[in-house]
Every structure is written in structure tokens, then in C-alpha cells.
>>> print(open('entry.pdb').read())   # PDB, C-alpha atoms
ATOM      1  CA  MET A   1      33.697  12.246-139.552
ATOM      2  CA  ASN A   2      36.981  10.371-139.496
ATOM      3  CA  GLU A   3      35.606   7.758-137.103
ATOM      4  CA  GLU A   4      32.660   7.166-139.425
ATOM      5  CA  LYS A   5      34.984   6.639-142.397
ATOM      6  CA  GLU A   6      37.093   4.250-140.329
ATOM      7  CA  ARG A   7      33.988   2.303-139.295
ATOM      8  CA  GLN A   8      32.789   2.047-142.897
ATOM      9  CA  LYS A   9      36.220   0.778-143.923
ATOM     10  CA  GLU A  10      36.168  -1.864-141.183
ATOM     11  CA  ILE A  11      32.677  -2.942-142.212
ATOM     12  CA  LYS A  12      33.732  -3.244-145.863
ATOM     13  CA  GLU A  13      36.753  -5.339-144.897
ATOM     14  CA  LYS A  14      34.600  -7.572-142.699
ATOM     15  CA  LEU A  15      32.104  -8.177-145.510
ATOM     16  CA  GLU A  16      34.912  -8.860-147.989
ATOM     17  CA  SER A  17      36.469 -11.357-145.591
ATOM     18  CA  GLU A  18      33.121 -13.199-145.576
ATOM     19  CA  GLY A  19      33.157 -13.340-149.373
ATOM     20  CA  LEU A  20      30.533 -10.626-149.853
ATOM     21  CA  ASP A  21      30.770  -7.618-152.150
ATOM     22  CA  PRO A  22      30.203  -4.480-150.035
ATOM     23  CA  ASP A  23      29.291  -2.513-153.166
ATOM     24  CA  GLU A  24      26.121  -4.621-153.489
ATOM     25  CA  PHE A  25      24.758  -3.136-150.263
ATOM     26  CA  ASP A  26      23.949   0.370-149.127
ATOM     27  CA  GLU A  27      25.451   1.786-145.937
ATOM     28  CA  ASP A  28      22.614   0.679-143.640
ATOM     29  CA  GLU A  29      22.583  -2.850-145.039
ATOM     30  CA  ARG A  30      26.352  -3.111-144.596
ATOM     31  CA  GLU A  31      26.081  -2.148-140.941
ATOM     32  CA  GLU A  32      23.306  -4.690-140.363
ATOM     33  CA  LEU A  33      25.313  -7.432-142.050
ATOM     34  CA  ALA A  34      28.455  -6.566-140.123
ATOM     35  CA  ASP A  35      26.490  -6.838-136.878
ATOM     36  CA  LEU A  36      25.209 -10.268-137.901
ATOM     37  CA  LEU A  37      28.631 -11.644-138.846
TER      38      LEU A  37
END
>>> encode(input="entry.pdb", output="C-alpha cells")
Amino acid sequence: MNEEKERQKEIKEKLESEGLDPDEFDEDEREELADLL
């Protein structure tokens, strides 16, 4: 559970660093975007 939270936090930070708002995307979309970046 902790690892999953950590991963979500990293993904959010990655999206924010690209100028995207993580709150606009659901969890699956965030993961896809993070993989693309």
C-alpha cells in the first residue's frame, strides 16, 4: 500500500513538472501519461 502511494506521488510530481494538472486525470490516465513522459 505504501509503495502504491509513493508511486502515485511520484507520478503527480512528474505530471506537475511537465505543466499538467494531475487532478484533471484519473489514476489510470496519470500512469499512462507518466509512462509517455
>>> residues_around(input="entry.pdb", residues="Glu32 (chain A)", least_positions_apart="5", cutoff="12 Å", atoms="all atoms listed in the file", output="ChimeraX atom specification")
/A:8,11-12,14-15,22,25-27,37
>>> atom_distance(input="entry.pdb", atom1="CA of Asp28 (chain A)", atom2="CA of Asn2 (chain A)")
17.8 Å
>>> atom_distance(input="entry.pdb", atom1="CA of Glu31 (chain A)", atom2="CA of Glu4 (chain A)")
11.5 Å
>>> decode(input="entry.pdb", residues="region 8-36 of chain A", atoms="N, CA and C atoms", output="mmCIF file, in the first residue's frame")
data_model
loop_
_atom_site.group_PDB
_atom_site.id
_atom_site.type_symbol
_atom_site.label_atom_id
_atom_site.label_comp_id
_atom_site.auth_asym_id
_atom_site.auth_seq_id
_atom_site.Cartn_x
_atom_site.Cartn_y
_atom_site.Cartn_z
ATOM 1 N N GLN A 8 2.131 6.926 -6.773
ATOM 2 C CA GLN A 8 1.159 7.944 -7.180
ATOM 3 C C GLN A 8 1.726 9.349 -6.949
ATOM 4 N N LYS A 9 2.441 9.511 -5.853
ATOM 5 C CA LYS A 9 3.041 10.813 -5.550
ATOM 6 C C LYS A 9 4.091 11.173 -6.602
ATOM 7 N N GLU A 10 4.919 10.191 -6.970
ATOM 8 C CA GLU A 10 5.937 10.428 -7.991
ATOM 9 C C GLU A 10 5.295 10.784 -9.328
ATOM 10 N N ILE A 11 4.224 10.076 -9.661
ATOM 11 C CA ILE A 11 3.526 10.347 -10.922
ATOM 12 C C ILE A 11 2.956 11.763 -10.912
ATOM 13 N N LYS A 12 2.332 12.156 -9.810
ATOM 14 C CA LYS A 12 1.773 13.506 -9.705
ATOM 15 C C LYS A 12 2.869 14.553 -9.887
ATOM 16 N N GLU A 13 4.005 14.345 -9.227
ATOM 17 C CA GLU A 13 5.103 15.299 -9.327
ATOM 18 C C GLU A 13 5.629 15.371 -10.755
ATOM 19 N N LYS A 14 5.704 14.224 -11.418
ATOM 20 C CA LYS A 14 6.185 14.191 -12.799
ATOM 21 C C LYS A 14 5.240 14.976 -13.711
ATOM 22 N N LEU A 15 3.942 14.762 -13.549
ATOM 23 C CA LEU A 15 2.967 15.485 -14.371
ATOM 24 C C LEU A 15 3.036 16.984 -14.093
ATOM 25 N N GLU A 16 3.149 17.352 -12.818
ATOM 26 C CA GLU A 16 3.239 18.769 -12.464
ATOM 27 C C GLU A 16 4.489 19.396 -13.065
ATOM 28 N N SER A 17 5.584 18.656 -13.089
ATOM 29 C CA SER A 17 6.821 19.198 -13.644
ATOM 30 C C SER A 17 6.706 19.414 -15.152
ATOM 31 N N GLU A 18 5.758 18.715 -15.788
ATOM 32 C CA GLU A 18 5.518 18.894 -17.223
ATOM 33 C C GLU A 18 4.446 19.953 -17.476
ATOM 34 N N GLY A 19 3.974 20.588 -16.411
ATOM 35 C CA GLY A 19 2.980 21.643 -16.555
ATOM 36 C C GLY A 19 1.549 21.138 -16.649
ATOM 37 N N LEU A 20 1.331 19.880 -16.289
ATOM 38 C CA LEU A 20 -0.016 19.309 -16.321
ATOM 39 C C LEU A 20 -0.620 19.305 -14.922
ATOM 40 N N ASP A 21 -1.940 19.308 -14.866
ATOM 41 C CA ASP A 21 -2.637 19.246 -13.582
ATOM 42 C C ASP A 21 -3.080 17.807 -13.337
ATOM 43 N N PRO A 22 -2.430 17.107 -12.406
ATOM 44 C CA PRO A 22 -2.762 15.697 -12.159
ATOM 45 C C PRO A 22 -4.221 15.482 -11.774
ATOM 46 N N ASP A 23 -4.855 16.500 -11.194
ATOM 47 C CA ASP A 23 -6.248 16.354 -10.773
ATOM 48 C C ASP A 23 -7.206 16.253 -11.959
ATOM 49 N N GLU A 24 -6.723 16.611 -13.162
ATOM 50 C CA GLU A 24 -7.571 16.516 -14.354
ATOM 51 C C GLU A 24 -7.674 15.080 -14.863
ATOM 52 N N PHE A 25 -6.826 14.196 -14.349
ATOM 53 C CA PHE A 25 -6.765 12.833 -14.859
ATOM 54 C C PHE A 25 -7.076 11.834 -13.758
ATOM 55 N N ASP A 26 -7.666 10.699 -14.148
ATOM 56 C CA ASP A 26 -7.855 9.651 -13.149
ATOM 57 C C ASP A 26 -6.554 8.855 -13.012
ATOM 58 N N GLU A 27 -6.533 7.934 -12.086
ATOM 59 C CA GLU A 27 -5.301 7.209 -11.751
ATOM 60 C C GLU A 27 -4.684 6.500 -12.960
ATOM 61 N N ASP A 28 -5.523 5.822 -13.747
ATOM 62 C CA ASP A 28 -5.011 5.090 -14.909
ATOM 63 C C ASP A 28 -4.422 6.036 -15.945
ATOM 64 N N GLU A 29 -5.101 7.148 -16.186
ATOM 65 C CA GLU A 29 -4.605 8.124 -17.155
ATOM 66 C C GLU A 29 -3.273 8.705 -16.695
ATOM 67 N N ARG A 30 -3.160 8.976 -15.400
ATOM 68 C CA ARG A 30 -1.901 9.515 -14.868
ATOM 69 C C ARG A 30 -0.752 8.559 -15.133
ATOM 70 N N GLU A 31 -0.995 7.268 -14.878
ATOM 71 C CA GLU A 31 0.071 6.287 -15.086
ATOM 72 C C GLU A 31 0.472 6.229 -16.554
ATOM 73 N N GLU A 32 -0.521 6.256 -17.450
ATOM 74 C CA GLU A 32 -0.220 6.236 -18.882
ATOM 75 C C GLU A 32 0.604 7.453 -19.272
ATOM 76 N N LEU A 33 0.199 8.622 -18.803
ATOM 77 C CA LEU A 33 0.920 9.845 -19.130
ATOM 78 C C LEU A 33 2.342 9.805 -18.588
ATOM 79 N N ALA A 34 2.493 9.346 -17.367
ATOM 80 C CA ALA A 34 3.820 9.281 -16.762
ATOM 81 C C ALA A 34 4.727 8.364 -17.574
ATOM 82 N N ASP A 35 4.170 7.277 -18.097
ATOM 83 C CA ASP A 35 4.964 6.368 -18.923
ATOM 84 C C ASP A 35 5.377 7.036 -20.229
ATOM 85 N N LEU A 36 4.537 7.901 -20.754
ATOM 86 C CA LEU A 36 4.830 8.569 -22.020
ATOM 87 C C LEU A 36 5.858 9.681 -21.868
#
